[in-house]
>>> print(open('input.txt').read())   # compact mmCIF, C-alpha atoms
# COMPACT_ATOMS: atom_id res chain seq x y z
CA MET R 99 -43.37 75.41 -143.93
CA TYR R 100 -42.81 78.94 -142.68
CA THR R 101 -45.63 79.93 -140.32
CA VAL R 102 -46.56 83.57 -139.78
CA PHE R 103 -48.94 84.92 -137.16
CA LEU R 104 -50.55 88.07 -138.55
CA ALA R 105 -52.11 90.57 -136.13
CA GLY R 106 -53.44 94.10 -136.04
CA GLY R 107 -56.27 96.03 -134.45
CA VAL R 108 -59.69 96.63 -135.99
CA GLY R 109 -59.37 98.83 -139.08
CA SER R 110 -55.58 98.41 -139.25
CA GLY R 111 -55.54 96.69 -142.64
CA LYS R 112 -54.72 93.22 -141.33
CA SER R 113 -57.22 91.49 -143.61
CA THR R 114 -55.91 93.45 -146.60
CA VAL R 115 -52.41 92.18 -145.82
CA ALA R 116 -53.68 88.61 -145.46
CA LYS R 117 -55.50 88.77 -148.80
CA GLU R 118 -52.43 90.19 -150.52
CA LEU R 119 -50.30 87.35 -149.16
CA GLU R 120 -52.92 84.89 -150.35
CA LEU R 121 -52.66 86.37 -153.85
CA LEU R 122 -48.92 85.72 -153.66
CA GLY R 123 -49.61 82.04 -153.07
CA VAL R 124 -49.40 81.95 -149.28
CA SER R 125 -51.78 79.55 -147.52
CA ARG R 126 -54.15 81.41 -145.20
CA ILE R 127 -55.89 80.38 -141.99
CA ASP R 128 -58.38 82.76 -140.36
CA LEU R 129 -58.71 82.21 -136.62
CA ASP R 130 -62.14 83.86 -136.70
CA GLN R 131 -63.30 81.09 -139.04
CA LEU R 132 -61.82 78.44 -136.76
CA SER R 133 -63.76 79.93 -133.86
CA ARG R 134 -66.93 79.41 -135.90
CA ASP R 135 -65.88 75.90 -136.92
CA VAL R 136 -65.62 74.71 -133.30
CA LEU R 137 -69.19 75.90 -132.67
CA THR R 138 -70.95 73.66 -135.17
CA ALA R 139 -74.14 71.91 -134.10
CA GLY R 140 -73.42 68.94 -131.85
CA SER R 141 -69.74 69.73 -131.32
CA PRO R 142 -68.27 69.16 -127.84
CA VAL R 143 -67.61 72.90 -127.49
CA THR R 144 -71.18 73.78 -128.41
CA LYS R 145 -72.52 71.29 -125.85
CA GLU R 146 -70.19 72.63 -123.13
CA ILE R 147 -71.25 76.21 -123.86
CA ALA R 148 -74.90 75.22 -123.62
CA GLU R 149 -74.25 73.61 -120.25
CA ALA R 150 -72.51 76.76 -119.04
CA PHE R 151 -74.75 79.46 -120.50
CA GLY R 152 -78.12 77.80 -120.99
CA LYS R 153 -79.48 74.93 -123.07
CA ASP R 154 -82.01 77.32 -124.59
CA LEU R 155 -79.09 78.64 -126.68
CA LEU R 156 -79.51 75.56 -128.88
CA ASP R 157 -82.12 75.33 -131.61
CA PRO R 158 -84.24 72.31 -130.60
CA ALA R 159 -84.56 71.16 -134.21
CA THR R 160 -81.04 71.65 -135.55
CA GLY R 161 -78.87 71.91 -132.44
CA GLU R 162 -77.33 75.10 -133.81
CA LEU R 163 -76.07 77.69 -131.36
CA ASN R 164 -77.75 81.08 -131.11
CA ARG R 165 -74.54 83.09 -131.22
CA ARG R 166 -76.23 86.45 -130.78
CA LEU R 167 -77.89 85.34 -127.55
CA LEU R 168 -74.64 83.72 -126.44
CA ALA R 169 -72.79 87.00 -126.98
CA THR R 170 -75.39 88.85 -124.91
CA ARG R 171 -74.92 86.45 -122.00
CA ALA R 172 -71.20 85.79 -122.29
CA PHE R 173 -70.15 89.41 -122.55
CA SER R 174 -72.48 90.68 -119.83
CA THR R 175 -69.66 90.44 -117.28
CA PRO R 176 -65.87 89.98 -117.48
CA ASP R 177 -66.19 86.69 -115.59
CA HIS R 178 -68.65 85.30 -118.13
CA ALA R 179 -66.43 86.41 -121.00
CA ALA R 180 -63.46 84.69 -119.38
CA GLN R 181 -65.57 81.55 -118.89
CA LEU R 182 -66.49 81.46 -122.59
CA GLU R 183 -62.88 82.01 -123.61
CA ALA R 184 -61.74 79.17 -121.35
CA ILE R 185 -64.15 76.84 -123.16
CA GLU R 186 -63.44 78.00 -126.71
CA LEU R 187 -59.72 78.76 -126.84
CA PRO R 188 -58.32 75.26 -126.22
CA ALA R 189 -60.51 73.87 -129.02
CA ILE R 190 -59.55 76.69 -131.40
CA LYS R 191 -55.85 76.17 -130.69
CA ALA R 192 -56.15 72.41 -131.16
CA LEU R 193 -57.91 72.91 -134.50
CA LEU R 194 -55.22 75.39 -135.58
CA LEU R 195 -52.50 72.86 -134.77
CA ARG R 196 -54.28 70.19 -136.81
CA LYS R 197 -54.65 72.49 -139.80
CA LEU R 198 -51.00 73.55 -139.65
CA ASP R 199 -49.92 69.92 -139.38
CA ASP R 200 -52.14 68.94 -142.31
CA LEU R 201 -50.55 71.67 -144.47
CA ALA R 202 -46.99 70.86 -143.39
CA THR R 203 -47.35 67.13 -144.04
CA ARG R 204 -48.82 67.41 -147.52
CA GLU R 205 -46.89 65.80 -150.34
CA ASP R 206 -46.26 69.32 -151.69
CA PRO R 207 -46.59 71.62 -148.65
CA PRO R 208 -46.88 75.38 -149.10
CA LEU R 209 -43.75 77.43 -148.60
CA MET R 210 -45.56 79.74 -146.20
CA CYS R 211 -48.76 79.84 -144.17
CA VAL R 212 -50.22 83.00 -142.62
CA VAL R 213 -52.54 82.72 -139.62
CA GLU R 214 -54.78 85.76 -139.28
CA ILE R 215 -55.27 86.37 -135.54
CA PRO R 216 -57.80 88.95 -134.30
CA LEU R 217 -56.57 89.00 -130.68
CA LEU R 218 -52.88 88.19 -130.46
CA ASP R 219 -52.81 88.53 -126.67
CA ARG R 220 -55.07 85.45 -126.43
CA MET R 221 -52.28 83.53 -128.21
CA ALA R 222 -49.46 85.02 -126.14
CA ASP R 223 -48.49 81.62 -124.71
CA ASP R 224 -48.38 80.07 -128.18
CA LEU R 225 -46.27 82.52 -130.18
CA SER R 226 -43.55 79.87 -130.42
CA MET R 227 -45.84 78.06 -132.90
CA ALA R 228 -44.93 80.76 -135.43
CA ASP R 229 -41.65 81.45 -137.18
CA GLU R 230 -42.59 85.11 -137.31
CA VAL R 231 -45.16 87.49 -135.83
CA LEU R 232 -46.15 90.09 -138.39
CA VAL R 233 -48.08 93.10 -137.08
CA VAL R 234 -49.93 95.76 -139.08
CA CYS R 235 -50.11 99.18 -137.42
CA CYS R 236 -52.16 102.17 -138.54
CA PRO R 237 -52.89 105.57 -136.94
CA MET R 238 -55.93 105.31 -134.66
CA GLU R 239 -57.84 108.17 -136.29
CA VAL R 240 -57.47 106.50 -139.70
CA ARG R 241 -58.65 103.16 -138.31
CA ARG R 242 -61.70 104.76 -136.72
CA GLU R 243 -62.63 106.58 -139.93
CA ARG R 244 -62.30 103.39 -141.99
CA ALA R 245 -64.45 101.42 -139.57
CA ILE R 246 -67.18 104.06 -139.65
CA GLN R 247 -67.07 104.14 -143.46
CA ARG R 248 -67.66 100.37 -143.40
CA GLY R 249 -70.81 100.92 -141.36
CA MET R 250 -69.54 100.50 -137.80
CA GLU R 251 -70.79 102.89 -135.14
CA GLY R 252 -68.08 105.01 -133.55
CA ARG R 253 -68.95 103.75 -130.08
CA ASP R 254 -68.73 100.16 -131.30
CA PHE R 255 -65.26 100.83 -132.69
CA ASP R 256 -64.18 102.38 -129.40
CA ALA R 257 -65.52 99.38 -127.48
CA ARG R 258 -63.68 96.92 -129.72
CA VAL R 259 -60.42 98.83 -129.41
CA ALA R 260 -60.77 98.82 -125.64
CA ASN R 261 -60.94 95.01 -125.68
CA GLN R 262 -58.01 94.53 -128.06
CA PRO R 263 -54.28 94.60 -127.31
CA SER R 264 -52.78 98.04 -127.85
CA ASP R 265 -50.43 98.84 -130.72
CA LYS R 266 -47.69 99.19 -128.10
CA TRP R 267 -48.31 95.61 -126.93
CA LEU R 268 -48.47 94.33 -130.50
CA ARG R 269 -45.22 96.07 -131.46
CA ALA R 270 -43.51 94.59 -128.40
CA HIS R 271 -44.46 91.07 -129.50
CA ALA R 272 -43.83 91.50 -133.23
CA THR R 273 -40.82 90.30 -135.17
CA HIS R 274 -41.77 92.67 -137.99
CA VAL R 275 -44.17 95.63 -138.22
CA ILE R 276 -45.81 96.88 -141.41
CA GLU R 277 -46.76 100.55 -141.07
CA ASN R 278 -50.05 101.12 -142.85
CA ASP R 279 -49.73 104.88 -142.94
CA GLY R 280 -50.12 105.54 -146.67
CA THR R 281 -52.21 104.49 -149.64
CA HIS R 282 -53.61 101.05 -150.37
CA ALA R 283 -51.04 100.65 -153.16
CA GLU R 284 -48.22 101.51 -150.75
CA LEU R 285 -49.47 98.92 -148.28
CA ARG R 286 -49.57 96.27 -151.00
CA GLN R 287 -46.01 97.11 -151.98
CA LYS R 288 -44.82 96.82 -148.37
CA VAL R 289 -46.41 93.38 -148.15
CA ARG R 290 -44.75 92.31 -151.39
CA ASP R 291 -41.39 93.65 -150.22
CA TRP R 292 -41.73 91.72 -146.96
CA TYR R 293 -42.67 88.55 -148.84
CA ASP R 294 -39.93 88.90 -151.48
CA GLU R 295 -37.30 89.42 -148.79
CA ARG R 296 -38.19 86.15 -147.12
CA VAL R 297 -38.83 84.04 -150.20
CA GLY R 298 -35.81 85.50 -151.99
CA GLY R 299 -33.65 84.16 -149.20
CA ARG R 300 -35.75 80.94 -149.21
CA LEU R 301 -36.86 81.88 -145.69
CA PRO R 302 -34.78 81.87 -142.52
>>> encode(input="input.txt", output="structure tokens")
Amino acid sequence: MYTVFLAGGVGSGKSTVAKELELLGVSRIDLDQLSRDVLTAGSPVTKEIAEAFGKDLLDPATGELNRRLLATRAFSTPDHAAQLEAIELPAIKALLLRKLDDLATREDPPLMCVVEIPLLDRMADDLSMADEVLVVCCPMEVRRERAIQRGMEGRDFDARVANQPSDKWLRAHATHVIENDGTHAELRQKVRDWYDERVGGRLP
């Protein structure tokens, strides 16, 4: 199974690329969803977070984590954010490995799997897990406009960008870059061209 790490900043079109690949039959794993999966009620990660950031984060009836309150506490200082990441990331990576292994060991495994990664720098030590790192880049002014059109405040966009790896960093760690600098139809065609090139050669 050919594994692709897909990355791109907020508003870059990364999710559009992932959905297009899914339409082409590629298996898709969203790391954002995995981060939610490790925080289910009663999970070891949820319990560890409650110990670190306050047991009042847990609903006394259901054991569910109050993620909004957690975010307020965890992102109040860089040290707290790093503490949360140190708790969550190992569990997220372990779950990703299990999911990739489950796909690869199926009786009829998919030809390709794309892993949508919001913050590629957090996976910098694990890029060898992927056969390819595919990055979507888009002009910053276009990204900002798109985010605002989707309802995001401009200052929120700026804050998110400040906490994400730069396009320069992403390009430096990519094996292939898709330039999202045209229409939606043009982006879809670039994705299909990328896919056809790999599948046509039955993948490297």
>>> residues_around(input="input.txt", residues="Asp128 in chain R", least_positions_apart="2", cutoff="9 Å", atoms="all atoms listed in the file", output="short mmCIF file (atom, residue, chain, number, x, y, z; two decimals) with C-alpha atoms, in the coordinates of the input")
data_model
loop_
_atom_site.label_atom_id
_atom_site.label_comp_id
_atom_site.auth_asym_id
_atom_site.auth_seq_id
_atom_site.Cartn_x
_atom_site.Cartn_y
_atom_site.Cartn_z
CA ARG R 126 -54.15 81.41 -145.20
CA ASP R 130 -62.14 83.86 -136.70
CA GLN R 131 -63.30 81.09 -139.04
CA LEU R 132 -61.82 78.44 -136.76
CA SER R 133 -63.76 79.93 -133.86
CA VAL R 212 -50.22 83.00 -142.62
CA VAL R 213 -52.54 82.72 -139.62
CA GLU R 214 -54.78 85.76 -139.28
CA ILE R 215 -55.27 86.37 -135.54
CA PRO R 216 -57.80 88.95 -134.30
#
>>> residues_around(input="input.txt", residues="range 152-164 of chain R", least_positions_apart="6", cutoff="8 Å", atoms="only C-alpha atoms", output="PyMOL selection string")
chain R and resi 137-140+144
>>> residues_around(input="input.txt", residues="Val234 in chain R", least_positions_apart="6", cutoff="6 Å", atoms="only C-alpha atoms", output="JSON, numbers by chain")
{"R": [106, 112, 275, 276]}
>>> closest_atom_pairs(input="input.txt", of="range 100-203 of chain R", to="range 218-231 of chain R", cutoff="7 Å", atoms="all atoms listed in the file", output="CSV")
residue,atom,partner,partner_atom,distance
R:Tyr100,CA,R:Asp229,CA,6.2
R:Thr101,CA,R:Ala228,CA,5.0
R:Val102,CA,R:Glu230,CA,4.9
R:Phe103,CA,R:Val231,CA,4.8
R:Leu104,CA,R:Val231,CA,6.1
R:Ala105,CA,R:Leu218,CA,6.2
>>> write_last_selection(input="input.txt", atoms="C-alpha atoms", output="PDB file, in the coordinates of the input")
ATOM      1  CA  TYR R 100     -42.810  78.940-142.680  1.00  0.00           C
ATOM      2  CA  THR R 101     -45.630  79.930-140.320  1.00  0.00           C
ATOM      3  CA  VAL R 102     -46.560  83.570-139.780  1.00  0.00           C
ATOM      4  CA  PHE R 103     -48.940  84.920-137.160  1.00  0.00           C
ATOM      5  CA  LEU R 104     -50.550  88.070-138.550  1.00  0.00           C
ATOM      6  CA  ALA R 105     -52.110  90.570-136.130  1.00  0.00           C
TER       7      ALA R 105
END
>>> closest_atom_pairs(input="input.txt", of="range 129-247 of chain R", to="range 278-296 of chain R", cutoff="12 Å", atoms="only C-alpha atoms", output="tab-separated table")
residue	atom	partner	partner_atom	distance
R:Leu209	CA	R:Arg296	CA	10.4
R:Met210	CA	R:Tyr293	CA	9.6
R:Cys211	CA	R:Tyr293	CA	11.6
R:Val212	CA	R:Tyr293	CA	11.2
R:Asp229	CA	R:Arg296	CA	11.5
R:Glu230	CA	R:Arg296	CA	10.8
R:Leu232	CA	R:Trp292	CA	9.8
R:Val233	CA	R:Asn278	CA	10.1
R:Val234	CA	R:Asn278	CA	6.6
R:Cys235	CA	R:Asn278	CA	5.8
R:Cys236	CA	R:Asn278	CA	4.9
R:Pro237	CA	R:Asp279	CA	6.8
R:Met238	CA	R:Asp279	CA	10.4
R:Glu239	CA	R:Asp279	CA	11.0
R:Val240	CA	R:Asp279	CA	8.5
R:Arg241	CA	R:Asn278	CA	9.9
>>> write_last_selection(input="input.txt", atoms="C-alpha atoms", output="JSON list (two decimals), in the coordinates of the input")
[["chain", "number", "residue", "atom", "x", "y", "z"],
["R", 209, "LEU", "CA", -43.75, 77.43, -148.60],
["R", 210, "MET", "CA", -45.56, 79.74, -146.20],
["R", 211, "CYS", "CA", -48.76, 79.84, -144.17],
["R", 212, "VAL", "CA", -50.22, 83.00, -142.62],
["R", 229, "ASP", "CA", -41.65, 81.45, -137.18],
["R", 230, "GLU", "CA", -42.59, 85.11, -137.31],
["R", 232, "LEU", "CA", -46.15, 90.09, -138.39],
["R", 233, "VAL", "CA", -48.08, 93.10, -137.08],
["R", 234, "VAL", "CA", -49.93, 95.76, -139.08],
["R", 235, "CYS", "CA", -50.11, 99.18, -137.42],
["R", 236, "CYS", "CA", -52.16, 102.17, -138.54],
["R", 237, "PRO", "CA", -52.89, 105.57, -136.94],
["R", 238, "MET", "CA", -55.93, 105.31, -134.66],
["R", 239, "GLU", "CA", -57.84, 108.17, -136.29],
["R", 240, "VAL", "CA", -57.47, 106.50, -139.70],
["R", 241, "ARG", "CA", -58.65, 103.16, -138.31]]
>>> residues_around(input="input.txt", residues="Glu243 in chain R", least_positions_apart="4", cutoff="10 Å", atoms="only C-alpha atoms", output="list in words")
Gly109, Met238, Glu239, Gln247, Arg248, Met250, Gly252 and Phe255 of chain R
>>> residues_around(input="input.txt", residues="Leu201 in chain R", least_positions_apart="4", cutoff="10 Å", atoms="only C-alpha atoms", output="ChimeraX atom specification")
/R:99,125,195-197,205-211
>>> residues_near_point(input="input.txt", point="(-54.9, 94.2, -124.5)", cutoff="9 Å", atoms="all atoms listed in the file", output="number ranges by chain")
R: 217-220, 259-265, 267-268
>>> write_last_selection(input="input.txt", atoms="C-alpha atoms", output="short mmCIF file (atom, residue, chain, number, x, y, z; two decimals), keeping the file's coordinate frame")
data_model
loop_
_atom_site.label_atom_id
_atom_site.label_comp_id
_atom_site.auth_asym_id
_atom_site.auth_seq_id
_atom_site.Cartn_x
_atom_site.Cartn_y
_atom_site.Cartn_z
CA LEU R 217 -56.57 89.00 -130.68
CA LEU R 218 -52.88 88.19 -130.46
CA ASP R 219 -52.81 88.53 -126.67
CA ARG R 220 -55.07 85.45 -126.43
CA VAL R 259 -60.42 98.83 -129.41
CA ALA R 260 -60.77 98.82 -125.64
CA ASN R 261 -60.94 95.01 -125.68
CA GLN R 262 -58.01 94.53 -128.06
CA PRO R 263 -54.28 94.60 -127.31
CA SER R 264 -52.78 98.04 -127.85
CA ASP R 265 -50.43 98.84 -130.72
CA TRP R 267 -48.31 95.61 -126.93
CA LEU R 268 -48.47 94.33 -130.50
#
>>> closest_residue(input="input.txt", among="R:Ala257, R:Arg204, R:Pro176, R:Val136", to="Ala189 in chain R", atoms="all atoms listed in the file")
R:Val136
>>> axis_aligned_box(input="input.txt", around="range 129-141 of chain R", padding_each_side="8 Å", output="AutoDock Vina command-line options")
--center_x -66.4 --center_y 76.4 --center_z -135.2 --size_x 31.4 --size_y 30.9 --size_z 23.7
>>> atom_distance(input="input.txt", atom1="CA of Ala172 in chain R", atom2="CA of Glu149 in chain R")
12.7 Å
>>> closest_residue(input="input.txt", among="R:Leu129, R:Ile147, R:Ala245, R:Val297", to="Ala179 in chain R", atoms="all atoms listed in the file")
R:Ile147
>>> atom_distance(input="input.txt", atom1="CA of Ala202 in chain R", atom2="CA of Pro142 in chain R")
26.4 Å
>>> atom_distance(input="input.txt", atom1="CA of Ile185 in chain R", atom2="CA of Asp254 in chain R")
25.1 Å
